[in-house]
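Contents: one structure, followed by commentary.
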Amino acid sequence: MPLGSENGSDFDPPSFFYMLQYPQEEPDFGVALSTSLVLFGFDGTDLQVLLAKSKRAPYEGALFLPSRYLNENDELMLSARKMFKQLFGYEDPSMIEQLQAFGKVFRHPGGRVINVAHYALVRMSDFQASNWDEHDMQWVPFSQVPDLAFDHNEIVHYAKERLKRRVKRRPVGFRLLPDEFTLGQLQTLYETALGKTFDKRNFRKKLFKTTLLIDLDQKADGIAAGQHKGSQLFSFNKEKYQKMKIQGYDFVF
């Protein structure tokens, strides 16, 4: 099909290309970019969110999400991965997922800053806390996140809704639970993430149908948080998990 013809209709090429370049105003290079990480962990009894404490006015003393500004040559996802590695000491590209851009005009008191946020599910034990003492970083219960600096409550809320969708379609517990866990811990994780309670028998019946769990034929000693002494221990079938992570599934409660 010749240039200037679409579905048999002619159009004026100069006008067409002018439209592609619209608008003609000079860009405003005074706009900055940042990225934040919503990091969800599970302590055995509750979902947690990793937060830092601000030491700068006007939010001095307030909590906020781990964040960084982007330089002109920084790629968004690579920037998020770099921050993740600084916090946890390793890099796993499959763990981080982009959420969306948060760009309300007055979201940042210092000027026009657009935040492209990301989130990840992590094991709390992997956090290199000793490296971040000066930043007063802390885990806060999923349901008790206080008023945060900037618009970070909005970002956390968005990430929670994304997590709910992922929980129903992917076996996300693999990212959050220890290698050996009880069914009680797994049910608590799902109930916290989805904000609802489940019948124990039905929940376990649906879990076993996935063939995702391996019975370790061992009992919990009751020392680990959320593990009741004498409860059966399980692990995830990693090969099955990888397939389900790609294909997805409908875990309807």
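In the structure tokens, chains take the letters A, B, ... in the order shown, each chain's residues start at 1, and ligands count up from 1 in the order shown.
Using only C-alpha atoms, the residues found no farther than 12 Å from Leu78 of chain A, other than those of its own chain fewer than 4 positions away, are Thr35, Leu70, Asn71, Asn73, Asp74, Lys82, Met83, Phe84, Lys85, Glu91, Asp92, Pro93, Ile96, Glu97, Gln98 and His118 of chain A.
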Would you save the residues from that selection as a PDB file, in the first residue's frame, using C-alpha atoms?
```pdb
ATOM      1  CA  THR A  35      10.730   5.715  41.628  1.00  0.00           C
ATOM      2  CA  LEU A  70      16.309   9.303  38.470  1.00  0.00           C
ATOM      3  CA  ASN A  71      19.226  10.853  36.641  1.00  0.00           C
ATOM      4  CA  ASN A  73      20.468   8.401  31.844  1.00  0.00           C
ATOM      5  CA  ASP A  74      18.686   6.117  34.327  1.00  0.00           C
ATOM      6  CA  LYS A  82      19.421  -1.151  41.670  1.00  0.00           C
ATOM      7  CA  MET A  83      17.543   0.130  44.709  1.00  0.00           C
ATOM      8  CA  PHE A  84      16.245  -3.376  45.428  1.00  0.00           C
ATOM      9  CA  LYS A  85      19.761  -4.797  45.307  1.00  0.00           C
ATOM     10  CA  GLU A  91      19.063  -8.987  42.130  1.00  0.00           C
ATOM     11  CA  ASP A  92      16.162 -10.968  40.695  1.00  0.00           C
ATOM     12  CA  PRO A  93      14.481  -9.217  37.723  1.00  0.00           C
ATOM     13  CA  ILE A  96       9.939  -6.498  40.607  1.00  0.00           C
ATOM     14  CA  GLU A  97       6.802  -5.356  38.829  1.00  0.00           C
ATOM     15  CA  GLN A  98       5.997  -1.840  37.671  1.00  0.00           C
ATOM     16  CA  HIS A 118       7.208  -0.590  41.522  1.00  0.00           C
TER      17      HIS A 118
END
```
Would you mind listing what lies within 7 Å of segment 132-136 of chain A as a short mmCIF file (atom, residue, chain, number, x, y, z; two decimals) with C-alpha atoms, in the first residue's frame, with only C-alpha atoms counted and same-chain residues fewer than 2 positions away left out?
```
data_model
loop_
_atom_site.label_atom_id
_atom_site.label_comp_id
_atom_site.auth_asym_id
_atom_site.auth_seq_id
_atom_site.Cartn_x
_atom_site.Cartn_y
_atom_site.Cartn_z
CA ALA A 52 11.86 4.57 55.85
CA LYS A 53 11.73 7.66 58.09
CA ALA A 129 18.83 -4.15 58.04
CA SER A 130 22.30 -3.45 59.43
CA GLN A 138 11.19 -0.50 59.53
#
```
Report as JSON lines: every residue of segment 54-76 of chain A with an atom at most 10 Å from segment 100-115 of chain A, its closest pair of atoms, and their distance in Å to one decimal, counting only C-alpha atoms, with rows sorted by chain and ascending residue number.
```
{"residue": "A:Ala57", "atom": "CA", "partner": "A:Pro109", "partner_atom": "CA", "distance": 9.5}
{"residue": "A:Pro58", "atom": "CA", "partner": "A:Pro109", "partner_atom": "CA", "distance": 7.9}
{"residue": "A:Tyr59", "atom": "CA", "partner": "A:Pro109", "partner_atom": "CA", "distance": 9.5}
{"residue": "A:Ser67", "atom": "CA", "partner": "A:Asn115", "partner_atom": "CA", "distance": 9.1}
{"residue": "A:Arg68", "atom": "CA", "partner": "A:Asn115", "partner_atom": "CA", "distance": 9.4}
{"residue": "A:Tyr69", "atom": "CA", "partner": "A:Asn115", "partner_atom": "CA", "distance": 8.7}
{"residue": "A:Leu70", "atom": "CA", "partner": "A:Asn115", "partner_atom": "CA", "distance": 9.7}
```
Original post:
If you count only C-alpha atoms, which residues fall within 12 Å of Phe208 of chain A, apart from same-chain ones fewer than 5 positions away, as a count of residues only?
Top reply: 11
Subject >> Per-residue DSSP, segment 20-211 of chain A, filtered to alpha helix (DSSP H), as number ranges by chain >> reply: A: 20-21, 76-88, 152-169, 173-176, 183-194, 200-209
Subject >> Surrounding residues of Thr211 of chain A excluding itself and chain neighbours under 4 positions, 12 Å, only C-alpha atoms, as a PyMOL selection string >> reply: chain A and resi 171+204-207+215+234-241+243-244
Subject >> Long-range neighbours of Gly173 of chain A as number ranges by chain, 12 Å cut-off, only C-alpha atoms, 4 positions minimum in chain >> reply: A: 40-42, 44, 47, 121-123, 163, 166-169, 177-183, 185-193, 207, 212-213, 235-238, 241, 245
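In terms of minimum interatomic distance to Phe142 of chain A, A:Gln48 ranks closest within A:Gln48, A:Gly222, A:Val172, A:Pro27, counting only C-alpha atoms.
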